[in-house]
Structure formats: C-alpha cells, structure tokens
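Novice: Handing you this structure, nothing more for now.
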Amino acid sequence: MMITTTNFGLAKFGQKQLCALAGVLGLLLLAGCTDPIPQQSRPCPMVKVVQDAAYMTRFAGASEDLTDTSFEARIARSKNLCYYQTNTDTGERVIRTELSVEFAASRGPNNPDSSAKFNYWIRVTGPGSSQLSSQELDVEIPFTAAKIQGLAQDSVDVFVPLKQGENGDFYRIYIGLAVSEKELAYNRRNPQF
C-alpha cells in the first residue's frame with residue numbers, strides 16, 4: 001500500500017518507511033514533552049501527625065474529673081498525595097500536597113453544645129526545620145441523644161514552592177489538634193498511644 005502526503009513536502013512512502021518515520025516522530029514528540037526530573041526522584045514531603053496533639057479531652061469546666069468531660073476527639077487517620085507542578089510562564093515549581101484528614105469524636109457526660117467543636121493546625125517546615133507556614137482550621141462533629149460518636153473529614157491542598165535542586169525531602173508537613181497548654185499536659189499524663 002502506498003501513501004502520498006504533501007504536508008511535509010514528502011513524496012510517496014511505503015508502509016515500512018511510514019512506520020519508521022512515525023516511530024522517529026513519536027520519539028521526538030515524547031522527548032520534547034518529558035520532564036528532566038525522573039518520577040522516582042520526586043518524593044512527597046513527609047506528613048506527620050504530632051503525637052502529643054493527635055487527641056484531646058475537652059472538659060466543660062476547670063475540673064479534670066471524667067464526669068466533666070465535654071468530648072474527646074482524635075485524628076483518626078490522614079492520607080496524602082502530592083504532585084509536582086511547574087508554572088509554564090515563570091518556570092516556578094511547586095509541590096501540591098492533597099491532604100485528607102479524618103477526625104473521630106465521642107460525646108462526654110457534660111456536653112452542653114451537643115457537638116465537638118475544635119480546631120486543628122497544619123504546619124509546613126523547610127530546610128533546617130524552619131517554619132514556613134501555619135494554618136488553623138475548624139472542625140465540628142454534631143451529636144444527638146442516639147448518636148454519641150461521630151466522624152468528620154477535611155481535605156486541604158498545601159502548596160510548597162521549590163527552589164532549584166529541591167524536592168519533597170526538603171520539607172515536612174505536620175498536623176495536630178489545637179490543644180491548650182492544659183490539654184497538652186493532660187495528654188502527656190494520660191498518653192493514648
């Protein structure tokens with residue numbers, strides 16, 4: 001079978017010549033699209049839940065008696081996935097990390113709000129453990145008379161700008177519940193993990 005083309009000023013080609021030309025053109029196109037950084041050398045930033053801030057016991061008053069417990073909450077799990085992105089106009093590179101954080105809470109005997117309302121934070125550190133950013137987010141898990149436990153899930157995108165020669169190994173993302181000093185001391189006296 002013969003194919004005639006005029007797009008590239010080429011004359012008649014046989015099937016073997018056309019296949020060879022298509023293969024060469026395909027390789028050239030792929031070579032122009034490939035990123036110079038191989039996929040296997042693109043690690044995600046390490047994501048770590050801070051142990052002392054992974055759970056909280058919130059009391060309704062000043063007493064730490066179990067009968068005064070308003071609610072208990074914890075970070076049940078976290079998942080992450082990251083992507084390296086390059087701005088084609090500026091050449092700037094960032095890592096976009098998609099975080100999914102799941103929280104669990106249980107109602108205590110002294111819960112006037114019929115819910116667990118608390119905050120959690122996400123902190124990003126860079127080389128030398130320097131803090132680059134911190135954000136605090138709200139969580140609310142409602143309770144009813146029949147439902148004294150609940151779950152909530154939050155999804156957050158974290159963007160980390162990369163300098164030349166850097167990858168995800170240079171950065172850490174920490175997650176924790178926004179516990180007060182008193183709640184932190186309680187956690188350390190009553191470790192859950």
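Scheme for the structure tokens: letters A, B, ... for chains in order shown; per-chain residue numbers from 1; ligand numbers from 1 in order shown.
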So which residues touch A:Asn167 within 9 Å, counting only C-alpha atoms, skipping near sequence neighbours fewer than 3 positions away, as a PyMOL selection string?
Specialist: chain A and resi 41-45+84+95+162-164+170-171
Novice: Quick one: contact table of stretch 77-112 of chain A to stretch 174-190 of chain A, 12 Å max, nearest atom pair and distance in Å to one decimal per residue, counting only C-alpha atoms, chain and number order, as a Markdown table?
Specialist:
```
| residue | atom | partner | partner_atom | distance |
| --- | --- | --- | --- | --- |
| A:Arg77 | CA | A:Ile175 | CA | 10.6 |
| A:Ser78 | CA | A:Ile175 | CA | 8.9 |
| A:Lys79 | CA | A:Ile175 | CA | 11.3 |
| A:Asn80 | CA | A:Ile175 | CA | 11.7 |
| A:Leu99 | CA | A:Ile175 | CA | 9.9 |
| A:Ser100 | CA | A:Ile175 | CA | 10.9 |
| A:Val101 | CA | A:Ile175 | CA | 8.8 |
| A:Glu102 | CA | A:Ile175 | CA | 11.4 |
| A:Phe103 | CA | A:Leu177 | CA | 9.8 |
| A:Ala104 | CA | A:Leu177 | CA | 11.8 |
```
Novice: Can you check which residues of stretch 14-159 of chain A DSSP gives as helix (DSSP H, G or I) on the backbone and send them as number ranges by chain?
Specialist: A: 15-33, 39-41, 51-53, 66-68, 127-129
Novice: Neighbours of A:Glu98 within 6 Å (only C-alpha atoms; same-chain residues fewer than 3 positions away dropped), as a list in words?
Specialist: Asn80, Leu81, Val156 and Asp157 of chain A
